[in-house]
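Asks: Quick one: the structure is below, and I'll ask about it shortly.
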Amino acid sequence: MRSHGKGPIRRLRGRTLLTIGLAAALVTSACTGSGGDSAGPEKSAAPATMDPGPTCVKSEKGDSCLPIAPAGKRVDLLKPSFSNPTSITNRLHPTSEVDQTLYLGSADGEPFRSEVTLLPETKTIEWNGQRVTTVVSQYLAFAGGRIQEVALDWYAQADDGSVWYLGEDVFNYEDGVVADTEGTWLAGKDGPAAMIMPANPKVGDVYRPENIPGAVFEEVTVASTGQTVPGPAGPVRGAIEVSELHMDAGREAKVFAPGYGEFSTGNPAGDLEAAALAVPTDALPGPAPAQLTSISAAALTVFDAAGREDRTGGAAAQKAVQQAWQAYRSGQVPQMLGKQMSAAVAALTAAVTAEAPEEARQAALDVARASLDLRLRHQPVIEIDLPRLALWARQLLIDTAAEEPGDIAGDAETLKWIWARVRHAMEPAAAARVDAQLRDLQGAAQKRNVAAAAKAAPLLLETLGTLRPR
């Protein structure tokens, strides 16, 4: 399921993530306040509690203290126990029950997209005298169609039903390569685990999804509960809205909804990251409608025809895309995915009409990706991620032809991360072939060797076309 506020939304809010080693320099407990209650006789038999931390958390913008809540309002101070931590069924953070969630929106005036996928592996983390087995969620974010951030997030559910966040590996990309890993942290090594969702949140509850002041810090206050929000398949009841305080003293509104977890961050008037589809929450019975498979096939025909400068064939396939979309959209289509497809079809029509082959190839890939998003309502994630890999291999054909080293490097990284989601389902021999080809591609991309990447791309595309889940 969705992690908690990454991608362009995270970057644009001006938050500076410092290294763990600098945290102590920015945190002081010299201020007095109501951060902790003295232990009295009535508390001697109470459940074990955790240290609430300093009563003054410094703002990254200066020496002033952040307006943190008093400890008495926090619901994350009881020490959690974990008997079955990988069964995460909390209705507002159902990590182990959601296979993949797609988020769409915009940031900095560019289209934004993220894919949050539950991975098949687990990670065991030592914290608070316990060895806690966590589920692993992959967050893959794109800005303007290019990889921007990847995070591997580790979650566990406590016995009381609350969900805890035990760390993340973060990879922030610029021009296709990892620029930094700011935001990476591990419970037990860098600081405490943090509650990311109470078992039964109530208005006024306060908790910290990240709690290493000076390094990673967020404090959440529940603003409302029992809300109804417009979801991809209709109204979603039982949502909550929270206000999240950051280290720069800014606040951000977020919505969490049953069946999704994090549902939206930001607002439509500015930067927005909102759930467009979650499975199995929004899954539909039966196979993918014929119109969607027709759109996918016709879009790839346009791609190939444009590469050959076959204007007649490309125009015929473009009309087939347009007709199939008109037929499909007459039914109930998730709003954000419908807008995405309409924009992609319009761009394809314009490019084919203008006889602009490179623009037509890119638009054809965008249409094919949008079709896969809609097909996700009918097919398992693995059956969608495999053709997504093939589309990114086709993206390589475009970017190597354009001799764009940064884009090529980003394509190679994107392929690597999506491959990590599907590799476990492949036959070992087939998986080894893809591993070897991806290594060759990444080596070429890292060396900015466009010719070698151009040679690797069609070979990888051919191999991906032979893969089938075992």
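Convention: chains lettered A, B, ... in structure tokens order; per-chain residue numbering from 1; ligands numbered from 1 as shown.
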From the DSSP assignment of the backbone, select every residue of range 66-260 of chain A that is helix (DSSP H, G or I), and format the answer as a list in words.

Replies: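 Output for range 66-260 of chain A, helix (DSSP H, G or I) only: Ala71, Gly72, Lys73, Thr95, Ser96 and Glu97 of chain A.
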
Asks: Just the selected residues (C-alpha atoms), exported as an mmCIF file, in the first residue's frame, please.

Replies:
data_model
loop_
_atom_site.group_PDB
_atom_site.id
_atom_site.type_symbol
_atom_site.label_atom_id
_atom_site.label_comp_id
_atom_site.auth_asym_id
_atom_site.auth_seq_id
_atom_site.Cartn_x
_atom_site.Cartn_y
_atom_site.Cartn_z
ATOM 1 C CA ALA A 71 2.371 13.996 25.402
ATOM 2 C CA GLY A 72 -1.078 13.603 26.936
ATOM 3 C CA LYS A 73 -2.686 13.808 23.488
ATOM 4 C CA THR A 95 -0.921 -2.980 3.849
ATOM 5 C CA SER A 96 -0.989 -6.761 3.579
ATOM 6 C CA GLU A 97 -4.412 -6.773 1.895
#

Asks: Could you pull the residues within 8 Å of Glu427 in chain A, counting only C-alpha atoms, minus those fewer than 3 positions along the same chain, as a list in words?

Replies: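 Near Glu427 in chain A, the qualifying residues are Ala430, Ala431, Pro469 and Arg470 of chain A.
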
Asks: So which one's closest to Pro268 in chain A, A:Gly105, A:Thr133, A:Gly331, A:Val367? Using only C-alpha atoms, please.

Replies: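 Comparing A:Gly105, A:Thr133, A:Gly331, A:Val367 against Pro268 in chain A, the winner is A:Gly105.
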
Asks: With a distance cut-off of 9 Å and only C-alpha atoms, select the neighbouring residues of Leu104 in chain A, excluding the residue or stretch itself and same-chain residues fewer than 4 positions from it, and output the selection as a ChimeraX atom specification.

Replies: /A:111-114,272-276,336-337,340

Asks: Go ahead and dump the residues you just picked, N, CA and C atoms, as a compact mmCIF listing (two decimals), in the first residue's frame.

Replies:
# COMPACT_ATOMS: atom_id res chain seq x y z
N PRO A 111 2.85 16.28 -14.59
CA PRO A 111 2.07 15.10 -14.18
C PRO A 111 2.85 14.25 -13.19
N PHE A 112 2.14 13.74 -12.22
CA PHE A 112 2.77 12.91 -11.19
C PHE A 112 2.08 11.55 -11.16
N ARG A 113 2.87 10.51 -10.91
CA ARG A 113 2.35 9.15 -10.82
C ARG A 113 3.18 8.36 -9.82
N SER A 114 2.52 7.51 -9.06
CA SER A 114 3.26 6.57 -8.24
C SER A 114 2.56 5.23 -8.23
N LEU A 272 -0.97 17.57 -5.86
CA LEU A 272 -1.90 16.53 -5.45
C LEU A 272 -1.36 15.15 -5.79
N GLU A 273 -1.51 14.23 -4.83
CA GLU A 273 -1.19 12.82 -5.02
C GLU A 273 -2.41 12.06 -4.51
N ALA A 274 -3.18 11.46 -5.40
CA ALA A 274 -4.46 10.87 -5.00
C ALA A 274 -4.61 9.47 -5.59
N ALA A 275 -5.27 8.60 -4.83
CA ALA A 275 -5.48 7.22 -5.27
C ALA A 275 -6.39 7.19 -6.50
N ALA A 276 -5.89 6.59 -7.56
CA ALA A 276 -6.67 6.41 -8.79
C ALA A 276 -7.25 5.02 -8.90
N MET A 336 -10.01 9.41 -12.49
CA MET A 336 -8.64 9.84 -12.78
C MET A 336 -8.03 9.02 -13.90
N LEU A 337 -8.33 7.72 -13.95
CA LEU A 337 -7.81 6.89 -15.04
C LEU A 337 -8.47 7.26 -16.36
N GLN A 340 -6.73 10.35 -17.60
CA GLN A 340 -5.41 9.99 -18.10
C GLN A 340 -5.49 9.41 -19.50

Asks: Show which residues sit within 9 Å of Met341 in chain A, as number ranges by chain. Count only C-alpha atoms, and ignore same-chain residues fewer than 4 positions away.

Replies: A: 325, 336-337, 345-346, 366-367, 369-371

Asks: Excluding Glu121 in chain A and any residue of its chain fewer than 2 positions from it, enumerate the residues within 12 Å of it, using only C-alpha atoms, and give them as a list in words.

Replies: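 The neighbour list is Thr86, Ser96, Thr117, Leu118, Leu119, Lys123, Thr124, Thr133, Thr134, Val135, Val136, Ser137, Gln138, Leu152, Asp153, Trp154, Ala420, Arg421, Val422, Arg423 and His424 of chain A.
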
Asks: Write a file of the selected residues as a compact mmCIF listing (two decimals), in the first residue's frame, keeping C-alpha atoms.

Replies:
# COMPACT_ATOMS: atom_id res chain seq x y z
CA THR A 86 2.71 -9.26 8.83
CA SER A 96 -0.99 -6.76 3.58
CA THR A 117 3.22 -2.52 -4.61
CA LEU A 118 3.27 -5.13 -1.87
CA LEU A 119 6.42 -7.20 -2.37
CA LYS A 123 12.24 -7.98 6.55
CA THR A 124 13.03 -8.69 10.20
CA THR A 133 8.97 -9.27 10.93
CA THR A 134 7.69 -6.57 8.60
CA VAL A 135 6.03 -6.54 5.20
CA VAL A 136 7.86 -4.69 2.44
CA SER A 137 6.08 -2.12 0.26
CA GLN A 138 7.70 -0.63 -2.83
CA LEU A 152 11.14 0.37 0.30
CA ASP A 153 8.92 0.81 3.37
CA TRP A 154 8.67 -1.63 6.28
CA ALA A 420 11.93 -6.70 -8.56
CA ARG A 421 8.13 -6.92 -8.29
CA VAL A 422 7.75 -9.85 -10.69
CA ARG A 423 11.00 -11.82 -10.63
CA HIS A 424 9.80 -14.23 -7.93

Asks: Using only C-alpha atoms, pick whichever of A:Leu245, A:Ala316, A:Ala324, A:Met197 has the shortest atom-to-atom distance to Thr353 in chain A.

Replies: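 The answer is A:Ala316, which sits nearest to Thr353 in chain A.
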
Asks: Let me make sure I understand: among A:Arg375, A:Asp310, A:Asp399, A:Met50, which one has the smallest atom-to-atom distance to Ala356 in chain A if we use only C-alpha atoms?

Replies: A:Asp310

Asks: Using only C-alpha atoms for the distances, tell me which of A:Pro289, A:Ala351, A:Tyr328, A:Pro67 is nearest to Val302 in chain A.

Replies: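 For Val302 in chain A, the nearest of the candidates is A:Ala351.
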
Asks: Please determine, counting only C-alpha atoms, which residue among A:Leu389, A:Gly443, A:Ala215, A:Leu66 has the shortest atom-to-atom distance to Pro54 in chain A.

Replies: A:Leu66

Asks: Find, counting only C-alpha atoms, the residue in A:Ala156, A:Leu78, A:Ala445, A:Ala278 that gets nearest to Tyr207 in chain A.

Replies: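 Between A:Ala156, A:Leu78, A:Ala445, A:Ala278, the residue approaching Tyr207 in chain A most closely is A:Leu78.
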
Asks: Just want the 9 Å neighbourhood of Ile68 in chain A, counted on only C-alpha atoms, with same-chain residues fewer than 5 positions away dropped. Output as a short mmCIF file (atom, residue, chain, number, x, y, z; two decimals) with N, CA and C atoms, in the first residue's frame.

Replies:
data_model
loop_
_atom_site.label_atom_id
_atom_site.label_comp_id
_atom_site.auth_asym_id
_atom_site.auth_seq_id
_atom_site.Cartn_x
_atom_site.Cartn_y
_atom_site.Cartn_z
N THR A 55 10.67 17.81 24.83
CA THR A 55 9.50 18.70 24.80
C THR A 55 9.69 19.84 23.81
N CYS A 56 10.89 19.96 23.28
CA CYS A 56 11.15 20.97 22.24
C CYS A 56 11.81 20.29 21.06
N VAL A 57 11.14 20.29 19.93
CA VAL A 57 11.71 19.80 18.68
C VAL A 57 11.97 21.01 17.81
N GLU A 219 4.41 14.75 12.72
CA GLU A 219 3.44 14.56 13.79
C GLU A 219 2.04 14.80 13.24
N LEU A 245 2.19 17.71 10.68
CA LEU A 245 3.20 18.73 10.95
C LEU A 245 4.56 18.22 10.53
#

Asks: For the atom pair CA of Pro85 in chain A and CA of Val381 in chain A, what is the interatomic distance in Å to one decimal place?

Replies: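 Result for CA of Pro85 in chain A versus CA of Val381 in chain A: 23.6 Å, one decimal.
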
Asks: From a backbone DSSP assignment, name each residue in range 274-324 of chain A labelled strand (DSSP E or B), as a PyMOL selection string.

Replies: chain A and resi 274-279

Asks: Write out as a PDB file with N, CA and C atoms, in the first residue's frame which residues come within 6 Å of Pro405 in chain A when counting only C-alpha atoms, dropping same-chain ones fewer than 2 positions away.

Replies:
ATOM      1  N   ASP A 407      17.739   9.981 -19.641  1.00  0.00           N
ATOM      2  CA  ASP A 407      16.500   9.225 -19.794  1.00  0.00           C
ATOM      3  C   ASP A 407      16.778   7.729 -19.893  1.00  0.00           C
ATOM      4  N   ILE A 408      17.852   7.371 -20.583  1.00  0.00           N
ATOM      5  CA  ILE A 408      18.224   5.958 -20.699  1.00  0.00           C
ATOM      6  C   ILE A 408      18.539   5.380 -19.324  1.00  0.00           C
ATOM      7  N   ARG A 448      26.995   5.921 -19.538  1.00  0.00           N
ATOM      8  CA  ARG A 448      26.464   6.851 -20.555  1.00  0.00           C
ATOM      9  C   ARG A 448      26.836   6.389 -21.962  1.00  0.00           C
TER      10      ARG A 448
END
